[in-house]
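> I'd like to ask you about the structure that follows.
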Amino acid sequence: MTKTNTWFAGLVMRLMFGMLLLCAGSATVSAKDQPSAANAEVAIDNFSFGPQTLTVPVGATVTWTNRDDIPHTVVSTEGVFKSKVRDTDEKFSFTFTKAGTYPYYCSVHPKMTGRVVVQ
Amino acid sequence: MQDERQDLIDQRMQDLNNDGVDRRGFLKCMAWAGTGLVWTMSGGVPVSRAFARGRGKHEGQNARDNGGFSFVQISDSHMGFNKPANQDVVATLQAAVDKINGLQNPPEFLLHTGDISHLSKTEQFDNVDQILKGASAKDVFFVPGEHDVIDDNGKSYLERYGKGAQGAGWYSFDHKGVHFIGLVNVLNLKSGGLGSLGGEQLDWIGKDVKHLKHSTPIVVFAHIPLWSVFPAWGWGTDDSAQALAYLRKFGSVTVLNGHIHQTMQKVEGNVTFHTAMSTAFPQPQPGKADSPGPMKVPAEQLRALLGITNVNYIRGQQSLAVVDSTLG
C-alpha cells in the first residue's frame, strides 16, 4: 500500500472502531435502562388487575381493559386519575407524563389494587 | 341434587357459636325440598326448624293477633346486569315480587338492602321502582349498595331515596315497637379496605339509640355485611365494631345484610346476623372460586339460588323469626 492508502485505511479503521464503540455503547444503554414501552396494557379480570405492577417509561399511555363480567373503576389513590365505571370490554386510558409510582384501586371493590411505576 | 343441597346447607350453616346446639346434625335430618328455614331465638339460643307451606299460616296469624307483624327483605337486584349468570334480572325480580304477593301473611313493608341497580343508571333505578310497585307492600325502605353509588358518590341515589335521611343516606324509623336502622357502608371506600361506616354515621348511631329502652328490638340493615364473612373478598366492614358496641345493651338485635348473594347466619350473644340471597345472580361460597363474581349455574338451578327473606316479629317475644325462601 502507498503512504496515503495506509493513512486512509487507518482513518477508516479508527472511524469504524469508533462507530462500533458508539453502537455497542448505546446498545448497552438501551437494553439496560429503557423500560419497554410496548407493555402499556392492564387487563382487569377476576376482580384483579394484571399485571398488578406495571412499569412504563415517562410519556407512556396505559390502557386498562375490563375483561370481567362485573363493572370496575380505576382510581388513583393520590387523585391523579379516575375512570368512570367500566363495564365488560370497556377501556380507560391515562398518559403518564411524570416519573413516579402511582398506586390505584377499584373504588367499587377496594380490595382490588395495583400500581403503575413510571421511569 | 339432594346431596348438593345437603352440602349447601352444611356449608352455609356457620356454627360459630360453640353453644352445644348441633344445628348441622339437626338440619341433616330435614328434607330440603323447597321448604323454608325458620330461625328463631329462644332464650338466646338459635333454634331452627324447617317449615312446609301451610304451617306458616298459623304462625302469621298468631303474629298479627298479638300485635306483631312481618316484613320482607330483598337484595341485590342488580337491574341492568345481563351477563351469562342471569340474562333476565327483570324476570327474577318479578318472580321475587310474585313470591312476596303469594305469602300467606302480607308483609307490612319491604327492605331492599342495596345493589338495586347494576351501574347506578336512572333507567335501572326506574325499572326496579316500577317492578316493586306491583308488590302488595307499598312501603319500601332502601339502603345503597356499591353498585348504586358509582361515579357520583351517591348523589343520584340520595336524590331518589334519601328523603328524610342523614348524611349519605342513613336513617331510622319505628314500627310497632321495633326500631329499624338503615346504614350506608359503601361510600368513601379506601384502597385495600372493606365496607366503611365512617365517623359521622357512627356518632349518629350512638345518638339515635341512646334513649331507647334496652328491651326495644332493634333491626339494623346495611348492604355489606357488618361482620367479617370473608375479608379477602371484601365481605366485611372495617368499622362495624363501634356500631355494634352501641347496640350491646339491647336484648334483641337483628342485622340484615346483602352483598354476598347467599344466605349466611351468625349469632353473637344477643345479635343475630343474617345475609340475604340476591334476586339477580348467585355468588360462590367464600374461597370456593377465584373471585366473588357472578356464578353461572345450569338454567334450571338458578332460581333455587335466588330468593327473599321473610321476617316475623311476634309481640312479646323479643326475637324475630327470619325465614329464607328461594324463587324456585
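To be explicit about the labels: the chains of the C-alpha cells are called A, B, and onward in the order shown, and within each one the residues are counted from 1, while ligands get numbers from 1 in the order they are shown.
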Give me, as CSV, the closest atom pair and its distance (Å, one decimal) for every residue of chain A within a cut-off of 9 Å of chain B, counting only C-alpha atoms, rows sorted by chain and rising number.

residue,atom,partner,partner_atom,distance
A:Asn46,CA,B:Ser291,CA,5.5
A:Phe47,CA,B:Ser291,CA,6.1
A:Ser48,CA,B:Ser291,CA,8.6
A:Asp68,CA,B:Gly293,CA,8.5
A:Asp69,CA,B:Lys83,CA,6.7
A:Ile70,CA,B:Gly293,CA,7.0
A:Pro71,CA,B:Leu119,CA,7.7
A:Thr73,CA,B:Ile150,CA,8.7
A:Thr77,CA,B:Ser191,CA,7.1
A:Ser83,CA,B:Asp151,CA,8.4
A:Lys84,CA,B:Asp151,CA,5.9
A:Val85,CA,B:Asp151,CA,6.5
A:Asp87,CA,B:Leu119,CA,8.5
A:Tyr104,CA,B:Ser191,CA,7.5
A:Tyr105,CA,B:Ser191,CA,5.7
A:Cys106,CA,B:Ser191,CA,7.5
A:Ser107,CA,B:Leu189,CA,6.4
A:Val108,CA,B:Glu146,CA,5.8
A:His109,CA,B:Gly234,CA,7.1
A:Pro110,CA,B:Ser191,CA,4.9
A:Lys111,CA,B:Gly192,CA,4.3
A:Met112,CA,B:Gly192,CA,6.7
A:Thr113,CA,B:Gly192,CA,6.6
> Take the selection from the previous step and output its residues with N, CA and C atoms, as a PDB file, in the first residue's frame.

ATOM      1  N   ASN A  46     -61.383 -11.239  36.869  1.00  0.00           N
ATOM      2  CA  ASN A  46     -61.463 -11.959  38.142  1.00  0.00           C
ATOM      3  C   ASN A  46     -61.142 -11.078  39.344  1.00  0.00           C
ATOM      4  N   PHE A  47     -61.693  -9.883  39.361  1.00  0.00           N
ATOM      5  CA  PHE A  47     -61.503  -8.953  40.483  1.00  0.00           C
ATOM      6  C   PHE A  47     -60.024  -8.677  40.734  1.00  0.00           C
ATOM      7  N   SER A  48     -59.213  -8.580  39.678  1.00  0.00           N
ATOM      8  CA  SER A  48     -57.810  -8.231  39.882  1.00  0.00           C
ATOM      9  C   SER A  48     -57.267  -7.507  38.656  1.00  0.00           C
ATOM     10  N   ASP A  68     -63.717  -8.570  32.887  1.00  0.00           N
ATOM     11  CA  ASP A  68     -64.504  -9.240  33.920  1.00  0.00           C
ATOM     12  C   ASP A  68     -65.980  -9.118  33.566  1.00  0.00           C
ATOM     13  N   ASP A  69     -66.822  -9.897  34.219  1.00  0.00           N
ATOM     14  CA  ASP A  69     -68.254  -9.781  33.923  1.00  0.00           C
ATOM     15  C   ASP A  69     -68.958  -8.872  34.929  1.00  0.00           C
ATOM     16  N   ILE A  70     -68.150  -8.061  35.597  1.00  0.00           N
ATOM     17  CA  ILE A  70     -68.664  -7.129  36.599  1.00  0.00           C
ATOM     18  C   ILE A  70     -67.982  -5.784  36.341  1.00  0.00           C
ATOM     19  N   PRO A  71     -68.686  -4.671  36.520  1.00  0.00           N
ATOM     20  CA  PRO A  71     -68.040  -3.370  36.279  1.00  0.00           C
ATOM     21  C   PRO A  71     -66.997  -3.030  37.335  1.00  0.00           C
ATOM     22  N   THR A  73     -63.758   0.186  38.414  1.00  0.00           N
ATOM     23  CA  THR A  73     -63.219   1.515  38.135  1.00  0.00           C
ATOM     24  C   THR A  73     -61.714   1.476  38.358  1.00  0.00           C
ATOM     25  N   THR A  77     -54.958   6.506  44.072  1.00  0.00           N
ATOM     26  CA  THR A  77     -55.131   6.820  45.488  1.00  0.00           C
ATOM     27  C   THR A  77     -54.678   8.243  45.805  1.00  0.00           C
ATOM     28  N   SER A  83     -61.206   6.849  36.580  1.00  0.00           N
ATOM     29  CA  SER A  83     -62.044   6.475  35.438  1.00  0.00           C
ATOM     30  C   SER A  83     -63.508   6.539  35.837  1.00  0.00           C
ATOM     31  N   LYS A  84     -64.367   6.623  34.818  1.00  0.00           N
ATOM     32  CA  LYS A  84     -65.796   6.411  35.075  1.00  0.00           C
ATOM     33  C   LYS A  84     -65.949   4.892  35.179  1.00  0.00           C
ATOM     34  N   VAL A  85     -67.123   4.435  35.577  1.00  0.00           N
ATOM     35  CA  VAL A  85     -67.289   2.988  35.704  1.00  0.00           C
ATOM     36  C   VAL A  85     -67.076   2.323  34.345  1.00  0.00           C
ATOM     37  N   ASP A  87     -67.692  -1.102  32.293  1.00  0.00           N
ATOM     38  CA  ASP A  87     -68.345  -2.412  32.267  1.00  0.00           C
ATOM     39  C   ASP A  87     -67.497  -3.334  31.388  1.00  0.00           C
ATOM     40  N   TYR A 104     -53.133   2.545  42.618  1.00  0.00           N
ATOM     41  CA  TYR A 104     -54.534   2.803  42.307  1.00  0.00           C
ATOM     42  C   TYR A 104     -55.369   1.614  42.785  1.00  0.00           C
ATOM     43  N   TYR A 105     -56.684   1.739  42.719  1.00  0.00           N
ATOM     44  CA  TYR A 105     -57.570   0.646  43.145  1.00  0.00           C
ATOM     45  C   TYR A 105     -58.913   0.799  42.455  1.00  0.00           C
ATOM     46  N   CYS A 106     -59.780  -0.183  42.647  1.00  0.00           N
ATOM     47  CA  CYS A 106     -61.137  -0.117  42.132  1.00  0.00           C
ATOM     48  C   CYS A 106     -61.999   0.436  43.258  1.00  0.00           C
ATOM     49  N   SER A 107     -62.642   1.573  43.030  1.00  0.00           N
ATOM     50  CA  SER A 107     -63.410   2.217  44.109  1.00  0.00           C
ATOM     51  C   SER A 107     -64.694   1.458  44.442  1.00  0.00           C
ATOM     52  N   VAL A 108     -65.096   0.544  43.562  1.00  0.00           N
ATOM     53  CA  VAL A 108     -66.294  -0.254  43.818  1.00  0.00           C
ATOM     54  C   VAL A 108     -65.928  -1.505  44.623  1.00  0.00           C
ATOM     55  N   HIS A 109     -64.756  -2.054  44.320  1.00  0.00           N
ATOM     56  CA  HIS A 109     -64.280  -3.257  45.011  1.00  0.00           C
ATOM     57  C   HIS A 109     -62.870  -2.967  45.518  1.00  0.00           C
ATOM     58  N   PRO A 110     -62.754  -2.261  46.641  1.00  0.00           N
ATOM     59  CA  PRO A 110     -61.461  -1.709  47.062  1.00  0.00           C
ATOM     60  C   PRO A 110     -60.369  -2.710  47.388  1.00  0.00           C
ATOM     61  N   LYS A 111     -60.697  -3.979  47.469  1.00  0.00           N
ATOM     62  CA  LYS A 111     -59.651  -4.980  47.683  1.00  0.00           C
ATOM     63  C   LYS A 111     -58.800  -5.151  46.414  1.00  0.00           C
ATOM     64  N   MET A 112     -59.305  -4.651  45.279  1.00  0.00           N
ATOM     65  CA  MET A 112     -58.560  -4.731  44.010  1.00  0.00           C
ATOM     66  C   MET A 112     -57.591  -3.571  43.951  1.00  0.00           C
ATOM     67  N   THR A 113     -56.291  -3.867  44.000  1.00  0.00           N
ATOM     68  CA  THR A 113     -55.294  -2.785  43.971  1.00  0.00           C
ATOM     69  C   THR A 113     -54.226  -3.084  42.922  1.00  0.00           C
TER      70      THR A 113
END
> Calculated over only C-alpha atoms, which of the candidates B:Asn127, B:Gln242, B:Thr92, B:Asn101 has the smallest distance to Leu306 (chain B)?
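Counting only C-alpha atoms, the residue closest to Leu306 (chain B) is B:Thr92.
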> Could you name the residues that touch region 295-300 of chain B at 9 Å or less, counting only C-alpha atoms, but leaving out those on the same chain fewer than 5 positions away, as a list in words?
Pro84, Ala85, Asn86, Phe281, Pro282, Gln283, Pro284 and Gly328 of chain B
> Just write the chosen residues, C-alpha atoms, as an mmCIF file, in the first residue's frame.

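Below you can see result09.cif, which holds the result:
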data_model
loop_
_atom_site.group_PDB
_atom_site.id
_atom_site.type_symbol
_atom_site.label_atom_id
_atom_site.label_comp_id
_atom_site.auth_asym_id
_atom_site.auth_seq_id
_atom_site.Cartn_x
_atom_site.Cartn_y
_atom_site.Cartn_z
ATOM 1 C CA PRO B 84 -74.486 -15.306 31.364
ATOM 2 C CA ALA B 85 -75.147 -15.778 35.086
ATOM 3 C CA ASN B 86 -78.627 -14.290 34.525
ATOM 4 C CA PHE B 281 -77.453 -13.974 40.437
ATOM 5 C CA PRO B 282 -75.690 -16.207 42.957
ATOM 6 C CA GLN B 283 -72.055 -15.869 44.005
ATOM 7 C CA PRO B 284 -69.638 -18.571 45.121
ATOM 8 C CA GLY B 328 -87.865 -21.789 42.559
#
> State, in Å with one decimal place, the distance from CA of Ala276 (chain B) to CA of Val229 (chain B).
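The value is 13.1 Å.
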> So what do you get for CA of Val255 (chain B) versus CA of Ala304 (chain B), distance-wise?
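Those two atoms sit 23.6 Å apart.
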> Taking into account only C-alpha atoms, which residue in the set A:Pro103, A:Ser76, A:Asn66, A:Thr53 is nearest to Glu90 (chain A)?
A:Asn66
> Just checking: using only C-alpha atoms, which residue out of A:Gly114, A:Val42, A:Lys91, A:Val56 ends up closest to Val75 (chain A)?
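Counting only C-alpha atoms, the residue closest to Val75 (chain A) is A:Gly114.
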